file query39.pdb (PDB, C-alpha atoms and all ligand atoms)
ATOM      1  CA  MET A   1      -0.131  -4.501  28.680  1.00  0.00           C
ATOM      2  CA  ALA A   2       0.632  -1.222  30.437  1.00  0.00           C
ATOM      3  CA  LEU A   3      -0.390   2.015  28.777  1.00  0.00           C
ATOM      4  CA  ARG A   4      -0.012   5.664  29.823  1.00  0.00           C
ATOM      5  CA  LEU A   5      -3.207   6.896  31.444  1.00  0.00           C
ATOM      6  CA  ASP A   6      -3.566   9.897  29.114  1.00  0.00           C
ATOM      7  CA  LYS A   7      -3.104   7.663  26.042  1.00  0.00           C
ATOM      8  CA  TYR A   8      -5.603   5.173  27.403  1.00  0.00           C
ATOM      9  CA  LEU A   9      -8.202   7.910  27.971  1.00  0.00           C
ATOM     10  CA  THR A  10      -7.599   9.411  24.519  1.00  0.00           C
ATOM     11  CA  GLU A  11      -7.976   6.036  22.836  1.00  0.00           C
ATOM     12  CA  LEU A  12     -11.290   5.536  24.564  1.00  0.00           C
ATOM     13  CA  GLY A  13     -12.542   8.872  23.270  1.00  0.00           C
ATOM     14  CA  ALA A  14     -12.451  10.817  26.548  1.00  0.00           C
ATOM     15  CA  GLY A  15     -10.916  13.790  24.725  1.00  0.00           C
ATOM     16  CA  THR A  16      -7.721  15.049  23.138  1.00  0.00           C
ATOM     17  CA  ARG A  17      -4.401  14.512  24.911  1.00  0.00           C
ATOM     18  CA  SER A  18      -4.522  18.034  26.410  1.00  0.00           C
ATOM     19  CA  GLU A  19      -8.178  17.652  27.438  1.00  0.00           C
ATOM     20  CA  VAL A  20      -7.568  14.377  29.241  1.00  0.00           C
ATOM     21  CA  LYS A  21      -4.520  15.858  30.972  1.00  0.00           C
ATOM     22  CA  LYS A  22      -6.804  18.599  32.324  1.00  0.00           C
ATOM     23  CA  GLN A  23      -9.322  15.972  33.462  1.00  0.00           C
ATOM     24  CA  ILE A  24      -6.560  14.145  35.328  1.00  0.00           C
ATOM     25  CA  LYS A  25      -5.283  17.403  36.891  1.00  0.00           C
ATOM     26  CA  ALA A  26      -8.856  18.217  37.949  1.00  0.00           C
ATOM     27  CA  GLY A  27      -9.058  14.907  39.839  1.00  0.00           C
ATOM     28  CA  LEU A  28     -11.844  13.519  37.645  1.00  0.00           C
ATOM     29  CA  VAL A  29     -10.062  10.242  36.916  1.00  0.00           C
ATOM     30  CA  THR A  30      -9.629   7.342  39.313  1.00  0.00           C
ATOM     31  CA  VAL A  31      -7.610   4.153  38.869  1.00  0.00           C
ATOM     32  CA  ASN A  32      -8.755   1.277  41.088  1.00  0.00           C
ATOM     33  CA  GLY A  33     -10.561   3.784  43.296  1.00  0.00           C
ATOM     34  CA  ALA A  34      -7.615   6.145  43.834  1.00  0.00           C
ATOM     35  CA  VAL A  35      -7.611   9.610  42.252  1.00  0.00           C
ATOM     36  CA  ALA A  36      -5.001   9.666  39.479  1.00  0.00           C
ATOM     37  CA  LYS A  37      -2.514  12.528  39.621  1.00  0.00           C
ATOM     38  CA  LYS A  38      -0.198  11.992  36.687  1.00  0.00           C
ATOM     39  CA  PRO A  39      -0.975  11.599  32.978  1.00  0.00           C
ATOM     40  CA  GLU A  40       2.080   9.356  32.611  1.00  0.00           C
ATOM     41  CA  GLN A  41       0.803   6.897  35.232  1.00  0.00           C
ATOM     42  CA  LYS A  42       0.707   3.407  33.719  1.00  0.00           C
ATOM     43  CA  VAL A  43      -2.553   1.450  33.601  1.00  0.00           C
ATOM     44  CA  ASP A  44      -3.254  -2.130  32.654  1.00  0.00           C
ATOM     45  CA  GLU A  45      -6.145  -1.749  30.241  1.00  0.00           C
ATOM     46  CA  THR A  46      -7.491  -5.232  30.912  1.00  0.00           C
ATOM     47  CA  GLY A  47      -7.015  -5.383  34.687  1.00  0.00           C
ATOM     48  CA  ASP A  48      -7.283  -1.867  36.141  1.00  0.00           C
ATOM     49  CA  GLU A  49     -10.586  -0.182  36.835  1.00  0.00           C
ATOM     50  CA  VAL A  50     -10.437   3.307  35.359  1.00  0.00           C
ATOM     51  CA  CYS A  51     -13.298   5.739  35.996  1.00  0.00           C
ATOM     52  CA  LEU A  52     -13.945   9.186  34.571  1.00  0.00           C
ATOM     53  CA  ARG A  53     -16.327  11.329  36.647  1.00  0.00           C
ATOM     54  CA  GLY A  54     -17.213   8.162  38.538  1.00  0.00           C
ATOM     55  CA  GLU A  55     -18.121   6.175  35.415  1.00  0.00           C
ATOM     56  CA  ARG A  56     -16.215   3.012  34.594  1.00  0.00           C
ATOM     57  CA  LEU A  57     -14.496   3.031  31.197  1.00  0.00           C
ATOM     58  CA  ARG A  58     -14.546  -0.227  29.308  1.00  0.00           C
ATOM     59  CA  TYR A  59     -11.562  -1.081  27.192  1.00  0.00           C
ATOM     60  CA  THR A  60     -11.923  -3.158  24.051  1.00  0.00           C
ATOM     61  CA  ALA A  61      -8.779  -3.582  22.053  1.00  0.00           C
ATOM     62  CA  PHE A  62     -10.366  -3.194  18.615  1.00  0.00           C
ATOM     63  CA  GLU A  63     -13.416  -1.495  17.182  1.00  0.00           C
ATOM     64  CA  TYR A  64     -14.875  -1.865  13.698  1.00  0.00           C
ATOM     65  CA  TYR A  65     -17.298   0.462  11.935  1.00  0.00           C
ATOM     66  CA  LEU A  66     -18.949   0.467   8.545  1.00  0.00           C
ATOM     67  CA  PHE A  67     -19.209   3.990   7.137  1.00  0.00           C
ATOM     68  CA  HIS A  68     -21.211   5.060   4.091  1.00  0.00           C
ATOM     69  CA  LYS A  69     -18.870   7.744   2.854  1.00  0.00           C
ATOM     70  CA  PRO A  70     -20.583  10.602   1.076  1.00  0.00           C
ATOM     71  CA  ALA A  71     -18.974  12.640  -1.721  1.00  0.00           C
ATOM     72  CA  GLY A  72     -16.939  15.549  -0.343  1.00  0.00           C
ATOM     73  CA  CYS A  73     -15.551  13.594   2.612  1.00  0.00           C
ATOM     74  CA  VAL A  74     -11.852  12.687   2.495  1.00  0.00           C
ATOM     75  CA  SER A  75     -10.690   9.200   3.468  1.00  0.00           C
ATOM     76  CA  ALA A  76      -8.440  10.569   6.200  1.00  0.00           C
ATOM     77  CA  THR A  77      -8.594  11.546   9.846  1.00  0.00           C
ATOM     78  CA  GLN A  78      -7.345  15.122   9.333  1.00  0.00           C
ATOM     79  CA  ASP A  79      -7.728  17.614   6.529  1.00  0.00           C
ATOM     80  CA  ASN A  80      -7.651  21.404   6.281  1.00  0.00           C
ATOM     81  CA  MET A  81     -10.171  21.732   3.458  1.00  0.00           C
ATOM     82  CA  HIS A  82     -12.734  18.956   3.611  1.00  0.00           C
ATOM     83  CA  ARG A  83     -14.759  16.957   6.095  1.00  0.00           C
ATOM     84  CA  THR A  84     -13.012  13.779   7.197  1.00  0.00           C
ATOM     85  CA  VAL A  85     -14.369  10.416   8.332  1.00  0.00           C
ATOM     86  CA  MET A  86     -13.852  11.577  11.941  1.00  0.00           C
ATOM     87  CA  ASP A  87     -16.524  14.257  11.457  1.00  0.00           C
ATOM     88  CA  TYR A  88     -19.079  11.481  10.981  1.00  0.00           C
ATOM     89  CA  LEU A  89     -18.146   9.520  14.113  1.00  0.00           C
ATOM     90  CA  SER A  90     -19.593  10.334  17.515  1.00  0.00           C
ATOM     91  CA  ASP A  91     -17.803  12.889  19.700  1.00  0.00           C
ATOM     92  CA  THR A  92     -16.744  10.104  22.042  1.00  0.00           C
ATOM     93  CA  ALA A  93     -15.185   7.924  19.319  1.00  0.00           C
ATOM     94  CA  ARG A  94     -11.728   6.737  20.295  1.00  0.00           C
ATOM     95  CA  GLY A  95      -8.765   8.593  18.879  1.00  0.00           C
ATOM     96  CA  ASP A  96      -6.931   5.680  17.268  1.00  0.00           C
ATOM     97  CA  LEU A  97      -9.543   4.904  14.593  1.00  0.00           C
ATOM     98  CA  PHE A  98      -8.623   5.300  10.927  1.00  0.00           C
ATOM     99  CA  PRO A  99     -10.190   4.502   7.545  1.00  0.00           C
ATOM    100  CA  VAL A 100      -8.951   1.354   5.801  1.00  0.00           C
ATOM    101  CA  GLY A 101      -7.737   2.474   2.392  1.00  0.00           C
ATOM    102  CA  ARG A 102      -8.941   5.407   0.348  1.00  0.00           C
ATOM    103  CA  LEU A 103     -11.887   6.307  -1.770  1.00  0.00           C
ATOM    104  CA  ASP A 104     -11.615   9.378  -4.013  1.00  0.00           C
ATOM    105  CA  LEU A 105     -13.158  12.581  -2.678  1.00  0.00           C
ATOM    106  CA  ASP A 106     -16.228  12.172  -4.892  1.00  0.00           C
ATOM    107  CA  THR A 107     -16.530   8.367  -4.550  1.00  0.00           C
ATOM    108  CA  GLU A 108     -19.231   7.242  -2.158  1.00  0.00           C
ATOM    109  CA  GLY A 109     -19.934   3.999  -0.346  1.00  0.00           C
ATOM    110  CA  LEU A 110     -18.380   1.414   1.905  1.00  0.00           C
ATOM    111  CA  LEU A 111     -15.415   2.451   4.025  1.00  0.00           C
ATOM    112  CA  LEU A 112     -14.248   0.367   6.950  1.00  0.00           C
ATOM    113  CA  ILE A 113     -13.084   2.331   9.990  1.00  0.00           C
ATOM    114  CA  THR A 114     -11.105   0.526  12.651  1.00  0.00           C
ATOM    115  CA  ASN A 115      -8.054   0.632  14.902  1.00  0.00           C
ATOM    116  CA  ASP A 116      -7.104  -2.958  13.988  1.00  0.00           C
ATOM    117  CA  GLY A 117      -3.873  -2.416  12.084  1.00  0.00           C
ATOM    118  CA  ALA A 118      -3.342  -6.097  11.260  1.00  0.00           C
ATOM    119  CA  LEU A 119      -6.757  -6.437   9.612  1.00  0.00           C
ATOM    120  CA  ALA A 120      -6.295  -3.150   7.725  1.00  0.00           C
ATOM    121  CA  HIS A 121      -2.886  -4.245   6.503  1.00  0.00           C
ATOM    122  CA  ALA A 122      -4.199  -7.620   5.322  1.00  0.00           C
ATOM    123  CA  LEU A 123      -7.219  -6.090   3.554  1.00  0.00           C
ATOM    124  CA  LEU A 124      -4.984  -3.641   1.701  1.00  0.00           C
ATOM    125  CA  SER A 125      -2.159  -6.055   0.956  1.00  0.00           C
ATOM    126  CA  PRO A 126      -1.748  -6.398  -2.840  1.00  0.00           C
ATOM    127  CA  SER A 127      -0.909 -10.090  -2.440  1.00  0.00           C
ATOM    128  CA  ARG A 128      -4.209 -11.002  -0.731  1.00  0.00           C
ATOM    129  CA  HIS A 129      -6.451  -9.970  -3.640  1.00  0.00           C
ATOM    130  CA  VAL A 130      -9.430  -8.997  -1.492  1.00  0.00           C
ATOM    131  CA  ALA A 131     -12.383  -8.399  -3.834  1.00  0.00           C
ATOM    132  CA  LYS A 132     -14.042  -4.967  -3.942  1.00  0.00           C
ATOM    133  CA  THR A 133     -17.245  -4.348  -5.844  1.00  0.00           C
ATOM    134  CA  TYR A 134     -18.132  -0.931  -7.199  1.00  0.00           C
ATOM    135  CA  TYR A 135     -21.348   0.340  -8.734  1.00  0.00           C
ATOM    136  CA  ALA A 136     -20.747   2.979 -11.412  1.00  0.00           C
ATOM    137  CA  ARG A 137     -22.600   5.144 -13.888  1.00  0.00           C
ATOM    138  CA  VAL A 138     -20.376   5.765 -16.867  1.00  0.00           C
ATOM    139  CA  GLN A 139     -20.629   8.012 -19.879  1.00  0.00           C
ATOM    140  CA  GLY A 140     -20.670   5.610 -22.841  1.00  0.00           C
ATOM    141  CA  VAL A 141     -22.104   2.288 -23.933  1.00  0.00           C
ATOM    142  CA  VAL A 142     -20.484  -0.619 -22.091  1.00  0.00           C
ATOM    143  CA  ASP A 143     -20.722  -3.915 -24.008  1.00  0.00           C
ATOM    144  CA  GLU A 144     -19.486  -7.504 -24.050  1.00  0.00           C
ATOM    145  CA  THR A 145     -16.175  -6.451 -25.607  1.00  0.00           C
ATOM    146  CA  ASP A 146     -15.457  -4.442 -22.467  1.00  0.00           C
ATOM    147  CA  VAL A 147     -16.499  -7.394 -20.296  1.00  0.00           C
ATOM    148  CA  ASN A 148     -13.962  -9.580 -22.108  1.00  0.00           C
ATOM    149  CA  PHE A 149     -11.210  -6.973 -21.956  1.00  0.00           C
ATOM    150  CA  PHE A 150     -11.649  -6.684 -18.197  1.00  0.00           C
ATOM    151  CA  LYS A 151     -11.738 -10.468 -17.829  1.00  0.00           C
ATOM    152  CA  ASN A 152      -8.322 -10.617 -19.450  1.00  0.00           C
ATOM    153  CA  GLY A 153      -6.782  -7.652 -17.613  1.00  0.00           C
ATOM    154  CA  VAL A 154      -6.669  -4.207 -19.227  1.00  0.00           C
ATOM    155  CA  ASP A 155      -3.645  -1.950 -19.545  1.00  0.00           C
ATOM    156  CA  ILE A 156      -4.000   1.030 -17.195  1.00  0.00           C
ATOM    157  CA  GLY A 157      -0.560   2.451 -17.841  1.00  0.00           C
ATOM    158  CA  GLU A 158       1.302   0.453 -15.214  1.00  0.00           C
ATOM    159  CA  GLU A 159       4.092  -2.036 -15.647  1.00  0.00           C
ATOM    160  CA  LYS A 160       1.579  -4.889 -15.496  1.00  0.00           C
ATOM    161  CA  PRO A 161      -2.038  -4.884 -16.702  1.00  0.00           C
ATOM    162  CA  ALA A 162      -4.822  -4.710 -14.129  1.00  0.00           C
ATOM    163  CA  ARG A 163      -5.726  -8.084 -12.681  1.00  0.00           C
ATOM    164  CA  PRO A 164      -8.765  -9.789 -14.258  1.00  0.00           C
ATOM    165  CA  ALA A 165     -11.948  -8.050 -13.156  1.00  0.00           C
ATOM    166  CA  ASP A 166     -15.611  -8.939 -13.304  1.00  0.00           C
ATOM    167  CA  LEU A 167     -17.687  -6.380 -15.191  1.00  0.00           C
ATOM    168  CA  VAL A 168     -21.482  -6.715 -15.063  1.00  0.00           C
ATOM    169  CA  ILE A 169     -23.670  -4.534 -17.291  1.00  0.00           C
ATOM    170  CA  LEU A 170     -26.833  -3.514 -15.449  1.00  0.00           C
ATOM    171  CA  GLY A 171     -28.344  -1.324 -18.164  1.00  0.00           C
ATOM    172  CA  CYS A 172     -27.857   1.585 -20.525  1.00  0.00           C
ATOM    173  CA  LYS A 173     -29.968   4.665 -21.172  1.00  0.00           C
ATOM    174  CA  GLU A 174     -29.095   7.607 -23.428  1.00  0.00           C
ATOM    175  CA  ASP A 175     -25.405   6.631 -23.603  1.00  0.00           C
ATOM    176  CA  VAL A 176     -25.061   6.308 -19.844  1.00  0.00           C
ATOM    177  CA  SER A 177     -24.303   2.758 -18.686  1.00  0.00           C
ATOM    178  CA  GLU A 178     -24.831   1.331 -15.239  1.00  0.00           C
ATOM    179  CA  ILE A 179     -22.356  -1.341 -14.235  1.00  0.00           C
ATOM    180  CA  THR A 180     -20.811  -3.156 -11.327  1.00  0.00           C
ATOM    181  CA  LEU A 181     -17.103  -3.880 -11.411  1.00  0.00           C
ATOM    182  CA  THR A 182     -15.353  -6.280  -9.056  1.00  0.00           C
ATOM    183  CA  ILE A 183     -11.598  -5.828  -8.748  1.00  0.00           C
ATOM    184  CA  THR A 184      -9.041  -7.532  -6.542  1.00  0.00           C
ATOM    185  CA  GLU A 185      -6.519  -4.689  -6.337  1.00  0.00           C
ATOM    186  CA  GLY A 186      -6.653  -1.144  -5.023  1.00  0.00           C
ATOM    187  CA  LYS A 187      -4.541   0.963  -7.340  1.00  0.00           C
ATOM    188  CA  PHE A 188      -4.957   4.750  -7.341  1.00  0.00           C
ATOM    189  CA  HIS A 189      -8.154   5.715  -9.258  1.00  0.00           C
ATOM    190  CA  GLN A 190      -8.321   2.129 -10.431  1.00  0.00           C
ATOM    191  CA  VAL A 191     -11.956   1.949 -11.566  1.00  0.00           C
ATOM    192  CA  ARG A 192     -11.775   5.345 -13.288  1.00  0.00           C
ATOM    193  CA  ARG A 193      -8.554   4.343 -15.041  1.00  0.00           C
ATOM    194  CA  MET A 194      -9.967   0.991 -16.128  1.00  0.00           C
ATOM    195  CA  MET A 195     -13.018   2.688 -17.640  1.00  0.00           C
ATOM    196  CA  ALA A 196     -10.786   5.357 -19.213  1.00  0.00           C
ATOM    197  CA  SER A 197      -8.791   2.577 -20.869  1.00  0.00           C
ATOM    198  CA  ARG A 198     -12.039   1.692 -22.698  1.00  0.00           C
ATOM    199  CA  GLY A 199     -12.677   5.349 -23.592  1.00  0.00           C
ATOM    200  CA  MET A 200     -15.308   5.979 -20.929  1.00  0.00           C
ATOM    201  CA  THR A 201     -15.643   8.428 -18.051  1.00  0.00           C
ATOM    202  CA  VAL A 202     -17.040   7.527 -14.650  1.00  0.00           C
ATOM    203  CA  ALA A 203     -19.798   9.964 -13.659  1.00  0.00           C
ATOM    204  CA  TYR A 204     -20.704   8.312 -10.343  1.00  0.00           C
ATOM    205  CA  LEU A 205     -18.848   5.717  -8.289  1.00  0.00           C
ATOM    206  CA  GLU A 206     -19.930   3.878  -5.161  1.00  0.00           C
ATOM    207  CA  ARG A 207     -18.202   0.988  -3.370  1.00  0.00           C
ATOM    208  CA  ARG A 208     -20.764  -1.616  -2.361  1.00  0.00           C
ATOM    209  CA  GLN A 209     -18.683  -4.514  -1.088  1.00  0.00           C
ATOM    210  CA  GLU A 210     -15.229  -5.286   0.296  1.00  0.00           C
ATOM    211  CA  GLY A 211     -14.494  -8.947   0.971  1.00  0.00           C
ATOM    212  CA  ALA A 212     -17.563 -10.315   2.717  1.00  0.00           C
ATOM    213  CA  LEU A 213     -18.647  -6.909   4.020  1.00  0.00           C
ATOM    214  CA  THR A 214     -21.521  -5.225   2.176  1.00  0.00           C
ATOM    215  CA  LEU A 215     -22.829  -1.672   2.348  1.00  0.00           C
ATOM    216  CA  GLY A 216     -26.450  -2.879   2.510  1.00  0.00           C
ATOM    217  CA  ASN A 217     -28.956  -0.117   3.137  1.00  0.00           C
ATOM    218  CA  LEU A 218     -26.834   1.987   5.493  1.00  0.00           C
ATOM    219  CA  PRO A 219     -27.783   5.581   4.605  1.00  0.00           C
ATOM    220  CA  ARG A 220     -25.153   7.888   3.129  1.00  0.00           C
ATOM    221  CA  GLY A 221     -23.152   9.697   5.844  1.00  0.00           C
ATOM    222  CA  CYS A 222     -24.084   7.098   8.498  1.00  0.00           C
ATOM    223  CA  VAL A 223     -21.855   4.825  10.569  1.00  0.00           C
ATOM    224  CA  ARG A 224     -22.666   1.570  12.335  1.00  0.00           C
ATOM    225  CA  GLU A 225     -20.668  -0.969  14.320  1.00  0.00           C
ATOM    226  CA  LEU A 226     -19.887  -4.322  12.707  1.00  0.00           C
ATOM    227  CA  ASN A 227     -21.261  -7.391  14.452  1.00  0.00           C
ATOM    228  CA  ALA A 228     -19.098 -10.389  15.441  1.00  0.00           C
ATOM    229  CA  ARG A 229     -20.074 -12.388  12.345  1.00  0.00           C
ATOM    230  CA  GLU A 230     -19.144  -9.531  10.004  1.00  0.00           C
ATOM    231  CA  ILE A 231     -15.766  -9.111  11.715  1.00  0.00           C
ATOM    232  CA  ARG A 232     -15.051 -12.834  11.440  1.00  0.00           C
ATOM    233  CA  GLU A 233     -16.079 -12.940   7.773  1.00  0.00           C
ATOM    234  CA  LEU A 234     -13.958  -9.899   6.997  1.00  0.00           C
ATOM    235  CA  GLU A 235     -10.974 -11.572   8.661  1.00  0.00           C
ATOM    236  CA  GLU A 236     -11.655 -14.634   6.526  1.00  0.00           C
ATOM    237  CA  SER A 237     -11.792 -12.472   3.395  1.00  0.00           C
ATOM    238  CA  ALA A 238      -8.403 -11.041   4.321  1.00  0.00           C
ATOM    239  CA  GLY A 239      -6.974 -14.527   4.929  1.00  0.00           C
ATOM    240  CA  LEU A 240      -6.526 -13.946   8.674  1.00  0.00           C
ATOM    241  CA  ALA A 241      -8.990 -16.397  10.207  1.00  0.00           C
ATOM    242  CA  GLU A 242      -8.003 -20.033  10.738  1.00  0.00           C
TER
HETATM  243  N1  LIG B 301     -11.439   3.362  -8.018  1.00  0.00           N
HETATM  244  C1  LIG B 301     -11.466   4.681  -8.290  1.00  0.00           C
HETATM  245  O1  LIG B 301     -11.223   5.089  -9.408  1.00  0.00           O
HETATM  246  N2  LIG B 301     -11.773   5.508  -7.282  1.00  0.00           N
HETATM  247  C2  LIG B 301     -12.090   5.111  -6.041  1.00  0.00           C
HETATM  248  O2  LIG B 301     -12.385   5.928  -5.180  1.00  0.00           O
HETATM  249  C3  LIG B 301     -12.072   3.737  -5.775  1.00  0.00           C
HETATM  250  C4  LIG B 301     -11.734   2.872  -6.778  1.00  0.00           C
END
call {"tool": "encode", "arguments": {"input": "query39.pdb", "output": "structure tokens"}}
result
Amino acid sequence: MALRLDKYLTELGAGTRSEVKKQIKAGLVTVNGAVAKKPEQKVDETGDEVCLRGERLRYTAFEYYLFHKPAGCVSATQDNMHRTVMDYLSDTARGDLFPVGRLDLDTEGLLLITNDGALAHALLSPSRHVAKTYYARVQGVVDETDVNFFKNGVDIGEEKPARPADLVILGCKEDVSEITLTITEGKFHQVRRMMASRGMTVAYLERRQEGALTLGNLPRGCVRELNAREIRELEESAGLAE
């Protein structure tokens, strides 16, 4: 597939569009050994040898990162007020990465970052019912009645009740309950609204799992690449793998 040279360089994290144009103008980029002159020059990302300052750039179509989102970071690539997921990636991260879905500003935990639109679409598709597990501390005493309500699908003020969800009570101390909740949808503020439907407020929320992908012990604010097995299992979770 042929791609504009400036787009190719931007995608590989060489800089912004205007920065890479300057690099090309300055003669720092070669394509198959010849100095490139025009940003609009077409390159074949799998066949052509593109070098920046003499160093070969390697093109991989898709990249996948697990990010432990901290509170105060928005699930977006641009924002005027808050830090975004891009602020946690390395300076050389490619420009076409985006977070898959949204966590609230104060929700922490697992956020997949990729440029694989098909996987993102499948993971977010309401019809695929990809499971997401959240850990929460809630104000109130969660009991078996709540477990049963969630099993049957609670009303969260939408046309249809929430799909059946798996609520596990981990403990309760001084009217604060610790739970995990596994849901197979991704409606706006879904966990908070489900708890609110039982008269409880979520004080802390962290996503720990999405499909087969788990947060593990990745420290808050850190990013790591997924390995091949994790990518395959995530594709399976999203119903994409044969
Ligand atoms: N449910 C919520 O209420 N908030 C999130 O950020 C994620 C799920």
call {"tool": "residues_near_ligand", "arguments": {"input": "query39.pdb", "ligand": "ligand LIG 301 (chain B)", "cutoff": "10 Å", "atoms": "only C-alpha atoms and all ligand atoms", "output": "CSV table (one decimal) with C-alpha atoms, in the coordinates of the input"}}
result
chain,number,residue,atom,x,y,z
A,75,SER,CA,-10.7,9.2,3.5
A,101,GLY,CA,-7.7,2.5,2.4
A,102,ARG,CA,-8.9,5.4,0.3
A,103,LEU,CA,-11.9,6.3,-1.8
A,104,ASP,CA,-11.6,9.4,-4.0
A,105,LEU,CA,-13.2,12.6,-2.7
A,106,ASP,CA,-16.2,12.2,-4.9
A,107,THR,CA,-16.5,8.4,-4.6
A,108,GLU,CA,-19.2,7.2,-2.2
A,109,GLY,CA,-19.9,4.0,-0.3
A,132,LYS,CA,-14.0,-5.0,-3.9
A,133,THR,CA,-17.2,-4.3,-5.8
A,134,TYR,CA,-18.1,-0.9,-7.2
A,136,ALA,CA,-20.7,3.0,-11.4
A,181,LEU,CA,-17.1,-3.9,-11.4
A,183,ILE,CA,-11.6,-5.8,-8.7
A,185,GLU,CA,-6.5,-4.7,-6.3
A,186,GLY,CA,-6.7,-1.1,-5.0
A,187,LYS,CA,-4.5,1.0,-7.3
A,188,PHE,CA,-5.0,4.8,-7.3
A,189,HIS,CA,-8.2,5.7,-9.3
A,190,GLN,CA,-8.3,2.1,-10.4
A,191,VAL,CA,-12.0,1.9,-11.6
A,192,ARG,CA,-11.8,5.3,-13.3
A,193,ARG,CA,-8.6,4.3,-15.0
A,194,MET,CA,-10.0,1.0,-16.1
A,195,MET,CA,-13.0,2.7,-17.6
A,196,ALA,CA,-10.8,5.4,-19.2
A,202,VAL,CA,-17.0,7.5,-14.6
A,204,TYR,CA,-20.7,8.3,-10.3
A,205,LEU,CA,-18.8,5.7,-8.3
A,206,GLU,CA,-19.9,3.9,-5.2
A,207,ARG,CA,-18.2,1.0,-3.4
call {"tool": "closest_residue", "arguments": {"input": "query39.pdb", "among": "A:Leu28, A:Cys73, A:Leu57, A:Val50", "to": "Arg220 of chain A", "atoms": "only C-alpha atoms"}}
result
A:Cys73
call {"tool": "atom_distance", "arguments": {"input": "query39.pdb", "atom1": "atom CA of Ala118 of chain A", "atom2": "atom CA of Glu235 of chain A"}}
result
9.7 Å
call {"tool": "atom_distance", "arguments": {"input": "query39.pdb", "atom1": "atom CA of Ala93 of chain A", "atom2": "atom CA of Arg208 of chain A"}}
result
24.3 Å
call {"tool": "atom_distance", "arguments": {"input": "query39.pdb", "atom1": "atom CA of Gln78 of chain A", "atom2": "atom CA of Ser90 of chain A"}}
result
15.5 Å
call {"tool": "residues_around", "arguments": {"input": "query39.pdb", "residues": "Gly27 of chain A", "least_positions_apart": "3", "cutoff": "7 Å", "atoms": "all atoms listed in the file", "output": "list in words"}}
result
Gln23, Ile24, Val35, Ala36 and Lys37 of chain A
call {"tool": "resolve_selection", "arguments": {"input": "query39.pdb", "expression": "the PyMOL selection byres (((chain A and resi 59) around 12) and not hetatm)", "output": "PyMOL selection string"}}
result
chain A and resi 3+8-14+43-51+56-58+60-63+94
call {"tool": "residues_around", "arguments": {"input": "query39.pdb", "residues": "Arg128 of chain A", "least_positions_apart": "5", "cutoff": "8 Å", "atoms": "all atoms listed in the file", "output": "MDAnalysis selection string"}}
result
chainID A and resid 122:123 238:239
call {"tool": "residues_around", "arguments": {"input": "query39.pdb", "residues": "Glu178 of chain A", "least_positions_apart": "6", "cutoff": "12 Å", "atoms": "all atoms listed in the file", "output": "PyMOL selection string"}}
result
chain A and resi 134-143+167-172+201-206
call {"tool": "closest_residue", "arguments": {"input": "query39.pdb", "among": "A:Gly153, A:Glu230, A:Ala162, A:Gly221", "to": "Gly72 of chain A", "atoms": "all atoms listed in the file"}}
result
A:Gly221
call {"tool": "closest_residue", "arguments": {"input": "query39.pdb", "among": "A:Val147, A:Leu66, A:Met200, A:Leu124", "to": "Ile231 of chain A", "atoms": "all atoms listed in the file"}}
result
A:Leu66
call {"tool": "residues_around", "arguments": {"input": "query39.pdb", "residues": "Cys222 of chain A", "least_positions_apart": "2", "cutoff": "8 Å", "atoms": "all atoms listed in the file", "output": "PyMOL selection string"}}
result
chain A and resi 67-69+88+218-220+224
call {"tool": "resolve_selection", "arguments": {"input": "query39.pdb", "expression": "the PyMOL selection byres (((chain A and resi 115-117) around 7) and not hetatm)", "output": "ChimeraX atom specification"}}
result
/A:62-63,96-98,114,118-121
call {"tool": "write_last_selection", "arguments": {"input": "query39.pdb", "atoms": "C-alpha atoms", "output": "mmCIF file, in the frame of the given file"}}
result
data_model
loop_
_atom_site.group_PDB
_atom_site.id
_atom_site.type_symbol
_atom_site.label_atom_id
_atom_site.label_comp_id
_atom_site.auth_asym_id
_atom_site.auth_seq_id
_atom_site.Cartn_x
_atom_site.Cartn_y
_atom_site.Cartn_z
ATOM 1 C CA PHE A 62 -10.366 -3.194 18.615
ATOM 2 C CA GLU A 63 -13.416 -1.495 17.182
ATOM 3 C CA ASP A 96 -6.931 5.680 17.268
ATOM 4 C CA LEU A 97 -9.543 4.904 14.593
ATOM 5 C CA PHE A 98 -8.623 5.300 10.927
ATOM 6 C CA THR A 114 -11.105 0.526 12.651
ATOM 7 C CA ALA A 118 -3.342 -6.097 11.260
ATOM 8 C CA LEU A 119 -6.757 -6.437 9.612
ATOM 9 C CA ALA A 120 -6.295 -3.150 7.725
ATOM 10 C CA HIS A 121 -2.886 -4.245 6.503
#
call {"tool": "residues_near_point", "arguments": {"input": "query39.pdb", "point": "(-12.0, 4.9, 6.5)", "cutoff": "6 Å", "atoms": "all atoms listed in the file", "output": "NGL selection string"}}
result
:A and (75 or 98-100 or 111-113)
call {"tool": "residues_around", "arguments": {"input": "query39.pdb", "residues": "Lys151 of chain A", "least_positions_apart": "6", "cutoff": "9 Å", "atoms": "all atoms listed in the file", "output": "VMD selection string"}}
result
chain A and resid 163 to 167
